[in-house]
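The data block below is input_21.tsv; it holds TSV, C-alpha atoms and all ligand atoms.
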chain	number	residue	atom	x	y	z
A	25	MET	CA	1.02	12.45	-17.69
A	26	GLN	CA	3.06	10.93	-14.92
A	27	VAL	CA	2.05	8.04	-12.64
A	28	SER	CA	3.66	7.92	-9.22
A	29	ARG	CA	3.70	5.11	-6.69
A	30	TYR	CA	3.07	7.25	-3.62
A	31	ASP	CA	0.91	10.20	-2.68
A	32	TYR	CA	1.80	10.89	0.94
A	33	SER	CA	-0.02	14.20	1.20
A	34	ALA	CA	-3.34	12.58	0.20
A	35	GLN	CA	-3.06	10.36	3.29
A	36	PHE	CA	-3.51	13.48	5.45
A	37	ASP	CA	-6.67	14.73	3.71
A	38	GLY	CA	-9.07	15.88	6.42
A	39	VAL	CA	-6.79	15.00	9.35
A	40	LEU	CA	-3.75	17.24	8.94
A	41	ASP	CA	-4.86	20.02	11.28
A	42	ASP	CA	-5.73	17.56	14.00
A	43	VAL	CA	-2.34	15.81	13.61
A	44	LEU	CA	-0.46	19.11	13.78
A	45	SER	CA	-2.33	20.30	16.84
A	46	ARG	CA	-1.70	16.99	18.63
A	47	ILE	CA	2.02	17.15	17.77
A	48	ARG	CA	2.15	20.76	18.97
A	49	THR	CA	0.58	19.79	22.29
A	50	LEU	CA	2.97	16.86	22.63
A	51	LEU	CA	6.04	19.02	21.92
A	52	LEU	CA	5.10	21.44	24.67
A	53	ARG	CA	3.84	18.81	27.13
A	54	GLY	CA	7.05	16.78	26.91
A	55	ASP	CA	5.88	13.19	27.52
A	56	TYR	CA	7.76	11.90	24.48
A	57	VAL	CA	8.40	8.29	25.42
A	58	LEU	CA	5.77	5.50	25.46
A	59	ASN	CA	3.04	8.02	26.28
A	60	ASP	CA	-0.74	7.76	25.90
A	61	ASP	CA	-0.51	8.32	22.13
A	62	VAL	CA	1.67	5.22	21.83
A	63	ARG	CA	-0.54	3.19	24.19
A	64	SER	CA	-3.70	4.18	22.35
A	65	PHE	CA	-2.15	3.28	18.99
A	66	GLU	CA	-1.13	-0.08	20.42
A	67	SER	CA	-4.70	-0.86	21.42
A	68	ASN	CA	-6.06	0.47	18.11
A	69	PHE	CA	-3.62	-1.67	16.16
A	70	ALA	CA	-4.25	-4.78	18.28
A	71	ARG	CA	-7.97	-4.36	17.53
A	72	THR	CA	-7.22	-3.97	13.80
A	73	ALA	CA	-5.03	-7.07	13.76
A	74	GLY	CA	-7.40	-9.08	15.95
A	75	THR	CA	-4.89	-9.79	18.71
A	76	ALA	CA	-4.93	-9.21	22.46
A	77	TYR	CA	-1.73	-7.13	22.41
A	78	ALA	CA	0.38	-4.90	20.17
A	79	ARG	CA	3.74	-3.40	21.16
A	80	GLY	CA	5.16	-0.40	19.27
A	81	ILE	CA	8.75	-0.79	18.07
A	82	GLY	CA	11.19	1.48	16.22
A	83	SER	CA	10.90	-0.33	12.85
A	84	GLY	CA	9.68	-3.52	11.21
A	85	THR	CA	13.20	-4.92	11.17
A	86	ASP	CA	13.51	-4.36	14.93
A	87	ALA	CA	10.06	-5.91	15.42
A	88	LEU	CA	11.37	-9.14	13.88
A	89	LEU	CA	14.66	-8.95	15.80
A	90	LEU	CA	13.04	-8.23	19.18
A	91	THR	CA	10.48	-11.00	18.68
A	92	LEU	CA	13.27	-13.49	18.04
A	93	ARG	CA	15.24	-12.22	21.06
A	94	ALA	CA	12.19	-12.23	23.35
A	95	LEU	CA	11.44	-15.83	22.30
A	96	GLY	CA	15.00	-16.73	23.29
A	97	ILE	CA	16.09	-17.49	19.72
A	98	GLY	CA	19.77	-16.87	19.01
A	99	PRO	CA	23.13	-18.54	18.35
A	100	GLY	CA	22.84	-22.25	17.57
A	101	ASP	CA	19.18	-21.93	16.57
A	102	GLU	CA	17.76	-22.17	13.06
A	103	VAL	CA	14.95	-20.06	11.65
A	104	ILE	CA	13.16	-20.98	8.42
A	105	THR	CA	11.99	-18.36	5.94
A	106	GLN	CA	11.61	-17.89	2.18
A	107	ALA	CA	14.36	-17.11	-0.34
A	108	ASN	CA	12.37	-14.38	-2.11
A	109	THR	CA	11.62	-12.11	0.84
A	110	PHE	CA	12.78	-8.55	1.47
A	111	TYR	CA	16.33	-8.34	2.86
A	112	ALA	CA	15.15	-7.23	6.34
A	113	THR	CA	13.46	-10.56	7.18
A	114	VAL	CA	16.77	-12.40	6.98
A	115	ALA	CA	18.90	-9.54	8.33
A	116	ALA	CA	16.83	-9.69	11.53
A	117	ILE	CA	17.43	-13.45	11.88
A	118	VAL	CA	21.16	-12.95	11.40
A	119	HIS	CA	21.27	-10.00	13.85
A	120	ALA	CA	19.59	-12.27	16.42
A	121	GLY	CA	22.58	-14.60	15.98
A	122	ALA	CA	20.43	-17.41	14.59
A	123	THR	CA	21.06	-19.29	11.34
A	124	PRO	CA	18.59	-18.59	8.52
A	125	VAL	CA	17.40	-21.67	6.63
A	126	LEU	CA	15.81	-20.83	3.28
A	127	VAL	CA	12.89	-22.47	1.49
A	128	ASP	CA	12.08	-21.67	-2.13
A	129	ALA	CA	8.98	-19.69	-3.15
A	130	ASP	CA	5.90	-21.16	-4.77
A	131	ASP	CA	5.91	-20.43	-8.50
A	132	GLU	CA	2.30	-19.18	-8.58
A	133	THR	CA	1.63	-17.55	-5.21
A	134	TYR	CA	5.18	-16.17	-4.67
A	135	LEU	CA	4.70	-17.17	-1.01
A	136	ILE	CA	6.79	-19.75	0.88
A	137	ASP	CA	6.50	-23.20	-0.76
A	138	GLN	CA	4.88	-25.06	2.11
A	139	SER	CA	5.63	-28.46	0.60
A	140	GLN	CA	9.34	-27.77	1.20
A	141	ILE	CA	9.23	-26.51	4.80
A	142	GLU	CA	9.32	-29.87	6.56
A	143	ARG	CA	12.55	-30.80	4.77
A	144	GLY	CA	14.17	-27.70	6.31
A	145	ILE	CA	13.22	-28.57	9.89
A	146	THR	CA	15.99	-29.99	12.11
A	147	ALA	CA	16.46	-30.50	15.85
A	148	ARG	CA	17.74	-26.90	15.98
A	149	THR	CA	14.76	-25.25	14.27
A	150	ARG	CA	13.06	-22.76	16.60
A	151	ALA	CA	10.81	-20.72	14.30
A	152	ILE	CA	9.22	-20.46	10.86
A	153	VAL	CA	8.82	-16.95	9.42
A	154	PRO	CA	6.26	-16.90	6.59
A	155	VAL	CA	6.11	-13.57	4.74
A	156	HIS	CA	2.73	-12.29	3.52
A	157	LEU	CA	4.56	-11.03	0.48
A	158	TYR	CA	3.25	-8.12	-1.59
A	159	GLY	CA	0.18	-8.15	0.71
A	160	LYS	CA	-1.00	-11.68	-0.10
A	161	PRO	CA	-1.87	-13.62	3.06
A	162	THR	CA	-0.09	-16.95	3.50
A	163	PRO	CA	-2.56	-19.84	3.96
A	164	MET	CA	-1.87	-20.65	7.61
A	165	GLU	CA	-3.62	-23.92	8.58
A	166	ARG	CA	-1.06	-26.42	7.33
A	167	LEU	CA	1.87	-24.27	8.39
A	168	LEU	CA	0.52	-23.83	11.94
A	169	GLU	CA	-0.18	-27.56	12.14
A	170	LEU	CA	3.37	-28.39	11.11
A	171	ALA	CA	4.84	-25.85	13.53
A	172	ARG	CA	2.73	-27.20	16.40
A	173	ALA	CA	3.68	-30.79	15.61
A	174	ARG	CA	7.39	-29.88	15.57
A	175	GLY	CA	7.24	-27.50	18.54
A	176	VAL	CA	8.48	-24.41	16.71
A	177	ALA	CA	7.20	-20.82	16.83
A	178	VAL	CA	5.52	-19.09	13.87
A	179	ILE	CA	6.50	-15.44	13.43
A	180	GLU	CA	4.49	-13.79	10.67
A	181	ASP	CA	6.33	-11.14	8.68
A	182	ALA	CA	3.26	-9.00	7.98
A	183	ALA	CA	5.20	-5.85	7.06
A	184	GLN	CA	3.47	-5.72	3.65
A	185	ALA	CA	0.04	-6.96	4.65
A	186	HIS	CA	-1.65	-4.79	7.30
A	187	GLY	CA	-5.34	-5.65	7.24
A	188	ALA	CA	-5.07	-8.64	4.88
A	189	THR	CA	-7.22	-11.61	5.93
A	190	TRP	CA	-7.04	-15.36	5.42
A	191	ASN	CA	-10.40	-17.14	5.92
A	192	GLY	CA	-11.73	-14.02	7.60
A	193	LYS	CA	-8.88	-13.72	10.13
A	194	ARG	CA	-6.33	-10.93	10.02
A	195	VAL	CA	-2.66	-11.60	9.36
A	196	GLY	CA	-0.52	-11.09	12.43
A	197	SER	CA	-3.08	-12.98	14.54
A	198	PHE	CA	-2.23	-16.56	13.45
A	199	GLY	CA	1.27	-17.10	14.74
A	200	THR	CA	3.10	-16.69	18.03
A	201	ALA	CA	3.65	-13.10	16.89
A	202	GLY	CA	3.07	-10.83	13.89
A	203	CYS	CA	5.65	-8.23	12.85
A	204	PHE	CA	4.58	-5.04	11.08
A	205	SER	CA	6.41	-2.08	9.57
A	206	PHE	CA	5.00	1.43	9.22
A	207	HIS	CA	7.79	2.62	6.93
A	208	PRO	CA	6.39	5.41	4.72
A	209	SER	CA	6.08	3.05	1.73
A	210	LYS	CA	3.77	0.58	3.54
A	211	ASN	CA	-0.04	0.37	3.46
A	212	LEU	CA	-0.20	2.00	6.91
A	213	ALA	CA	2.56	4.58	6.95
A	214	ALA	CA	4.30	6.66	9.60
A	215	ALA	CA	6.21	9.83	8.71
A	216	GLY	CA	9.49	7.97	9.19
A	217	ASP	CA	10.48	4.61	10.65
A	218	ALA	CA	8.10	2.73	12.94
A	219	GLY	CA	6.92	-0.83	13.54
A	220	CYS	CA	5.00	-3.08	15.89
A	221	ILE	CA	4.53	-6.62	17.13
A	222	THR	CA	1.13	-8.25	17.61
A	223	THR	CA	0.53	-11.26	19.84
A	224	ASP	CA	-2.06	-13.07	21.94
A	225	SER	CA	0.58	-14.08	24.46
A	226	ALA	CA	0.50	-11.96	27.63
A	227	GLU	CA	3.91	-13.33	28.48
A	228	LEU	CA	5.47	-12.28	25.17
A	229	ALA	CA	3.81	-8.83	25.31
A	230	GLU	CA	5.19	-8.33	28.82
A	231	SER	CA	8.63	-9.52	27.84
A	232	LEU	CA	8.68	-7.14	24.84
A	233	GLU	CA	8.13	-4.20	27.20
A	234	ALA	CA	11.56	-4.94	28.61
A	235	TYR	CA	13.23	-6.00	25.36
A	236	ARG	CA	12.38	-2.71	23.64
A	237	MET	CA	13.62	-0.65	26.61
A	238	LEU	CA	17.16	-1.88	27.22
A	239	GLY	CA	15.88	-4.81	29.20
A	240	GLN	CA	14.27	-2.80	31.98
A	241	ARG	CA	10.67	-2.63	33.18
A	242	VAL	CA	11.71	-0.49	36.12
A	243	GLN	CA	14.41	2.14	35.63
A	244	ASN	CA	17.92	0.80	36.29
A	245	GLU	CA	16.63	-2.75	36.85
A	246	HIS	CA	17.90	-4.50	33.70
A	247	THR	CA	16.63	-8.06	33.66
A	248	VAL	CA	17.43	-9.02	30.04
A	249	LEU	CA	19.92	-7.58	27.52
A	250	GLY	CA	17.30	-5.74	25.44
A	251	MET	CA	17.60	-3.00	22.82
A	252	ASN	CA	16.46	0.57	22.58
A	253	SER	CA	13.70	0.43	19.96
A	254	LYS	CA	10.32	1.94	20.77
A	255	LEU	CA	7.50	3.40	18.69
A	256	ASP	CA	7.99	7.17	18.70
A	257	ALA	CA	5.13	9.26	20.13
A	258	ILE	CA	5.01	11.60	17.10
A	259	GLN	CA	4.72	8.60	14.79
A	260	ALA	CA	1.95	7.20	17.00
A	261	ILE	CA	-0.01	10.44	16.47
A	262	VAL	CA	0.39	10.11	12.70
A	263	LEU	CA	-0.59	6.43	12.77
A	264	ASN	CA	-3.62	7.00	15.00
A	265	ALA	CA	-4.90	9.57	12.50
A	266	LYS	CA	-4.57	7.14	9.57
A	267	ILE	CA	-5.54	3.77	11.01
A	268	GLU	CA	-9.29	4.35	10.62
A	269	ARG	CA	-8.81	4.50	6.87
A	270	LEU	CA	-6.68	1.40	6.42
A	271	ASP	CA	-9.56	-0.88	5.39
A	272	GLN	CA	-10.89	1.65	2.91
A	273	TRP	CA	-7.43	2.17	1.41
A	274	ASN	CA	-6.90	-1.58	1.10
A	275	ALA	CA	-10.29	-1.91	-0.64
A	276	GLN	CA	-9.19	0.80	-3.09
A	277	ARG	CA	-5.93	-1.06	-3.68
A	278	ARG	CA	-7.96	-4.21	-4.48
A	279	ASP	CA	-10.02	-2.19	-6.98
A	280	VAL	CA	-6.80	-1.10	-8.72
A	281	ALA	CA	-5.56	-4.71	-8.81
A	282	ARG	CA	-8.88	-5.93	-10.21
A	283	TYR	CA	-8.72	-3.32	-12.96
A	284	TYR	CA	-5.13	-4.22	-13.89
A	285	ARG	CA	-5.95	-7.94	-13.98
A	286	SER	CA	-8.88	-7.52	-16.32
A	287	ALA	CA	-7.45	-4.73	-18.50
A	288	LEU	CA	-4.16	-6.61	-19.01
A	289	ALA	CA	-5.76	-10.00	-19.65
A	290	GLY	CA	-4.59	-11.76	-22.81
A	291	LEU	CA	-1.04	-10.35	-22.75
A	292	PRO	CA	1.94	-12.71	-22.34
A	293	ILE	CA	2.30	-11.78	-18.66
A	294	SER	CA	1.17	-13.51	-15.49
A	295	PHE	CA	0.03	-12.34	-12.08
A	296	GLN	CA	0.36	-13.47	-8.47
A	297	ARG	CA	-2.32	-16.16	-8.10
A	298	GLU	CA	-5.54	-15.18	-6.35
A	299	ASP	CA	-7.00	-17.69	-3.90
A	300	PRO	CA	-10.48	-18.13	-2.46
A	301	GLY	CA	-10.47	-17.28	1.25
A	302	GLU	CA	-7.97	-14.45	0.95
A	303	GLU	CA	-8.34	-10.72	1.20
A	304	HIS	CA	-5.13	-9.42	-0.37
A	305	ALA	CA	-3.81	-6.07	0.90
A	306	TYR	CA	-2.08	-5.34	-2.44
A	307	HIS	CA	0.93	-3.58	-1.00
A	308	LEU	CA	2.43	-4.19	-4.44
A	309	PHE	CA	0.91	-5.27	-7.75
A	310	GLN	CA	3.26	-7.62	-9.60
A	311	ILE	CA	3.26	-8.65	-13.22
A	312	ARG	CA	5.60	-11.40	-14.39
A	313	THR	CA	7.29	-11.45	-17.76
A	314	PRO	CA	10.61	-12.66	-19.19
A	315	ARG	CA	10.83	-9.22	-20.87
A	316	ARG	CA	10.80	-7.49	-17.48
A	317	ASN	CA	13.89	-5.27	-17.85
A	318	GLU	CA	12.86	-3.98	-21.29
A	319	LEU	CA	9.32	-3.30	-20.10
A	320	LEU	CA	10.61	-1.47	-17.01
A	321	THR	CA	12.70	0.90	-19.14
A	322	TYR	CA	9.79	1.42	-21.53
A	323	LEU	CA	7.42	2.37	-18.70
A	324	GLN	CA	9.94	4.56	-16.88
A	325	GLU	CA	10.61	6.48	-20.11
A	326	ARG	CA	6.90	7.25	-20.13
A	327	LYS	CA	7.02	8.53	-16.53
A	328	ILE	CA	5.30	5.51	-15.06
A	329	ASP	CA	6.91	4.75	-11.71
A	330	ALA	CA	7.26	0.97	-12.11
A	331	VAL	CA	9.96	-0.71	-9.97
A	332	ILE	CA	11.51	-4.10	-9.25
A	333	ARG	CA	10.76	-5.74	-5.88
A	334	TYR	CA	13.16	-7.50	-5.46
A	335	PRO	CA	15.98	-7.82	-8.00
A	336	HIS	CA	18.24	-10.03	-5.81
A	337	PRO	CA	16.99	-13.13	-3.98
A	338	ILE	CA	18.25	-13.59	-0.41
A	339	HIS	CA	20.68	-16.40	-1.19
A	340	LEU	CA	22.66	-14.24	-3.64
A	341	GLN	CA	23.07	-11.18	-1.38
A	342	THR	CA	26.65	-10.32	-0.41
A	343	PRO	CA	26.08	-9.89	3.38
A	344	PHE	CA	24.76	-13.48	3.53
A	345	ALA	CA	27.74	-15.06	1.73
A	346	GLN	CA	28.77	-16.79	5.01
A	347	PHE	CA	25.83	-19.20	4.63
A	348	GLY	CA	27.33	-20.67	1.45
A	349	TRP	CA	24.24	-20.53	-0.73
A	350	GLN	CA	24.86	-20.83	-4.48
A	351	ARG	CA	23.15	-19.61	-7.62
A	352	GLY	CA	20.65	-22.32	-8.59
A	353	ASP	CA	19.82	-23.26	-4.98
A	354	PHE	CA	16.36	-21.61	-5.08
A	355	PRO	CA	15.28	-21.55	-8.74
A	356	VAL	CA	11.80	-20.08	-8.25
A	357	ALA	CA	13.15	-17.18	-6.16
A	358	GLU	CA	15.74	-16.53	-8.89
A	359	SER	CA	13.14	-16.61	-11.63
A	360	LEU	CA	10.88	-14.19	-9.69
A	361	ALA	CA	13.84	-11.85	-9.13
A	362	ASN	CA	14.37	-11.81	-12.91
A	363	GLU	CA	10.76	-11.57	-14.04
A	364	LEU	CA	8.65	-9.58	-11.57
A	365	LEU	CA	7.77	-5.94	-12.12
A	366	CYS	CA	5.58	-3.77	-9.85
A	367	LEU	CA	3.10	-1.48	-11.53
A	368	PRO	CA	2.15	1.64	-9.55
A	369	ILE	CA	-0.56	0.91	-7.00
A	370	ARG	CA	-1.96	3.20	-4.33
A	371	PRO	CA	-5.42	4.12	-3.06
A	372	GLN	CA	-7.18	6.83	-5.07
A	373	MET	CA	-5.40	6.24	-8.38
A	374	THR	CA	-7.44	8.01	-11.04
A	375	LYS	CA	-8.99	6.17	-13.95
A	376	TYR	CA	-6.75	8.30	-16.22
A	377	GLU	CA	-3.64	7.09	-14.46
A	378	LEU	CA	-4.79	3.48	-14.63
A	379	ALA	CA	-5.72	3.74	-18.31
A	380	TYR	CA	-2.33	5.34	-19.05
A	381	VAL	CA	-0.42	2.48	-17.39
A	382	VAL	CA	-2.51	-0.16	-19.15
A	383	GLU	CA	-2.18	1.57	-22.52
A	384	HIS	CA	1.61	1.56	-22.28
A	385	VAL	CA	1.92	-2.02	-21.05
A	386	ARG	CA	-0.30	-3.00	-24.03
A	387	ASN	CA	1.63	-0.77	-26.47
A	388	PHE	CA	4.91	-2.33	-25.38
A	389	HIS	CA	3.61	-5.78	-26.28
A	390	ALA	CA	2.05	-4.62	-29.55
A	391	LEU	CA	4.85	-2.33	-30.77
A	392	VAL	CA	8.19	-3.53	-29.38
A	393	PRO	CA	9.42	-6.68	-31.11
A	394	ALA	CA	10.30	-9.49	-28.70
B	1	LIG	C1	9.49	-3.26	5.06
B	1	LIG	C2	9.71	-4.70	5.41
B	1	LIG	C3	10.44	-5.07	6.57
B	1	LIG	C4	11.19	-4.11	7.40
B	1	LIG	O1	10.50	-3.05	7.90
B	1	LIG	P1	11.26	-1.67	8.25
B	1	LIG	O2	10.25	-0.90	9.00
B	1	LIG	O3	11.66	-1.02	6.96
B	1	LIG	O4	12.45	-2.01	9.09
B	1	LIG	C5	10.51	-6.42	6.88
B	1	LIG	N1	9.95	-7.35	6.10
B	1	LIG	C6	9.28	-7.04	4.97
B	1	LIG	C7	8.67	-8.13	4.15
B	1	LIG	C8	9.15	-5.70	4.59
B	1	LIG	O5	8.51	-5.39	3.45
Represent the structure contained in this file as structure tokens.
Amino acid sequence: MQVSRYDYSAQFDGVLDDVLSRIRTLLLRGDYVLNDDVRSFESNFARTAGTAYARGIGSGTDALLLTLRALGIGPGDEVITQANTFYATVAAIVHAGATPVLVDADDETYLIDQSQIERGITARTRAIVPVHLYGKPTPMERLLELARARGVAVIEDAAQAHGATWNGKRVGSFGTAGCFSFHPSKNLAAAGDAGCITTDSAELAESLEAYRMLGQRVQNEHTVLGMNSKLDAIQAIVLNAKIERLDQWNAQRRDVARYYRSALAGLPISFQREDPGEEHAYHLFQIRTPRRNELLTYLQERKIDAVIRYPHPIHLQTPFAQFGWQRGDFPVAESLANELLCLPIRPQMTKYELAYVVEHVRNFHALVPA
């Protein structure tokens, strides 16, 4: 027995021939850039996210970067986010030329600790970037209220949470903009890099058209600096074929999470807190234990593809040394980096696979002395 984290081929069940024939037609037709496939995916995704607009971008990292640029955020500006996010969130802020300001994570939800955000706001703050981490939606009311009161933008990093809802509303539809990744590992996956930005602002959507195309709406009329980062037409074909199944896949992920939570109850491990009002997308299923490293080795030796997401908090990453953060600055983020372990989660895991994972997590606790 072996339990893997991904099954990419299963995502094409029933749609592969259609995808291949569409790609074949595209290759011969030659309209490779921002064609109807891209436009139709943009409207499909906007509908899925519950926003008026979606704009396809080359990756999730570029989606964050272009959103910041299009909102005019750059050198001299500060952007608040959480110390336990994936590297890309903060890399995008730094690439925009802005200064990242970190807030610690909440010890139970692993989301941004909202009680600490206000302390991080200064006259230079231009945006708050909450991350719907591991697929758990950030409760948005208080955060939006604070942002409105202080006149700063909210940019949701929804790269791990396609389809997740908070009080019935989809993530990516709360803030000024939502940024998504379709990296192959994500809940909605392209066959390579891809991303998109959702927004209700016609002005931002229009501005992004230029920002993703070297600053031009009309060829050779460059009105802003811009980048070259657009959703690829082949990836749009792949994404259009899969998007119908996103909700079903997320429901299957929630079934897996529910099983793990009940089958692992009673062990000296904890889980990301569940909250009423949320529909978690379960991009990752985390268990928390001080014996994390030992348990990881134990599971990997039994061919269970458990992994650590993420072993290094933002403030201790070498490329961010210029910001002068020290060990101890964000204790919850450090503790999560030391104690979290992802168990394999994907739609369509078999009951044999699930039972095998649970058996070995239980055996570890019963048989390996602490
Ligand atoms: C994956 C991810 C990104 C970056 O997306 P890419 O498409 O890989 O560039 C940004 N933020 C978070 C939280 C992510 O998980």
Kindly provide, as a ChimeraX atom specification, all nucleotide and amino acid residues lying within 8 Å of ligand LIG 1 (chain B), counting all atoms listed in the file.
-> /A:82-88,109-113,155-158,181-184,203-207,209-210,217-219
Between A:Ala151, A:Val57, A:Ala234, A:Val39, which one has atoms that come closest to Gly199 (chain A), using only C-alpha atoms?
->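 Smallest separation from Gly199 (chain A) among the options: A:Ala151.
Using all atoms listed in the file, the contacts of Asp55 (chain A) at a cut-off of 9 Å, with sequence neighbours closer than 5 positions omitted, comprise A:Leu50, A:Asp60, A:Ala257.
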Correct to one decimal, the distance CA of Glu303 (chain A)-CA of Arg150 (chain A) is 29.0 Å
Thr133 (chain A): which residues within 10 Å, counting only C-alpha atoms, same-chain residues fewer than 5 positions away excluded, as an MDAnalysis selection string?
-> chainID A and resid 157 160:162 295:299
Just the residues within 12 Å of Val62 (chain A), please, counting all atoms listed in the file, with nothing from its chain fewer than 4 positions along; format it as a list in words.
-> Leu50, Asp55, Tyr56, Val57, Leu58, Glu66, Ser67, Asn68, Phe69, Ala78, Arg79, Gly80, Ile81, Gly82, Ala218, Gly219, Cys220, Lys254, Leu255, Asp256, Ala257, Ile258, Gln259, Ala260, Ile261, Val262, Leu263 and Asn264 of chain A
Point out the residue among A:Leu308, A:Leu360, A:Ile97, A:Ile145 with the least atom-to-atom distance to Val280 (chain A), counting all atoms listed in the file.
->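 Closest residue, counting all atoms listed in the file: A:Leu308.
With all atoms listed in the file as the atoms that count, the minimum distance from His186 (chain A) to the choices A:Pro154, A:Gly202, A:Pro99, A:Pro314 is reached by A:Gly202.
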Rounded to one decimal place, report the CA of Met237 (chain A)-CA of Met251 (chain A) distance in Å.
->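 That distance, rounded to one decimal, is 6.0 Å.
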Of the residues A:His246, A:Arg333, A:Arg29, A:His339, which is the one nearest to Pro368 (chain A), using all atoms listed in the file?
-> A:Arg29
Please provide the set of residues having any atom within 12 Å of Cys366 (chain A), restricted to all atoms listed in the file, with same-chain residues fewer than 2 positions apart removed, written as a VMD selection string.
-> chain A and resid 28 to 29 158 281 284 295 to 296 306 to 313 316 to 317 319 to 320 323 to 324 328 to 335 360 to 361 363 to 364 368 to 370 381 385
Spatial neighbours of Ala229 (chain A), 12 Å, all atoms listed in the file, chain gap at least 3 places, as a PyMOL selection string | chain A and resi 66+70+75-81+90-91+94-95+200-202+220-226+232-236
Have a look at A:Ala265, A:Ala275, A:Leu365, A:Ala188 and name the one nearest to Ser294 (chain A); count only C-alpha atoms.
-> A:Leu365
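Reported to one decimal place, the separation of CA of Val153 (chain A) from CA of Ala120 (chain A) is 13.7 Å.
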Give the answer as one residue: which of A:Ala73, A:Leu89, A:Leu135, A:Ala173 has the shortest atom-to-atom distance to Asn108 (chain A), using all atoms listed in the file?
->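 With all atoms listed in the file as the atom set, the closest residue is A:Leu135.
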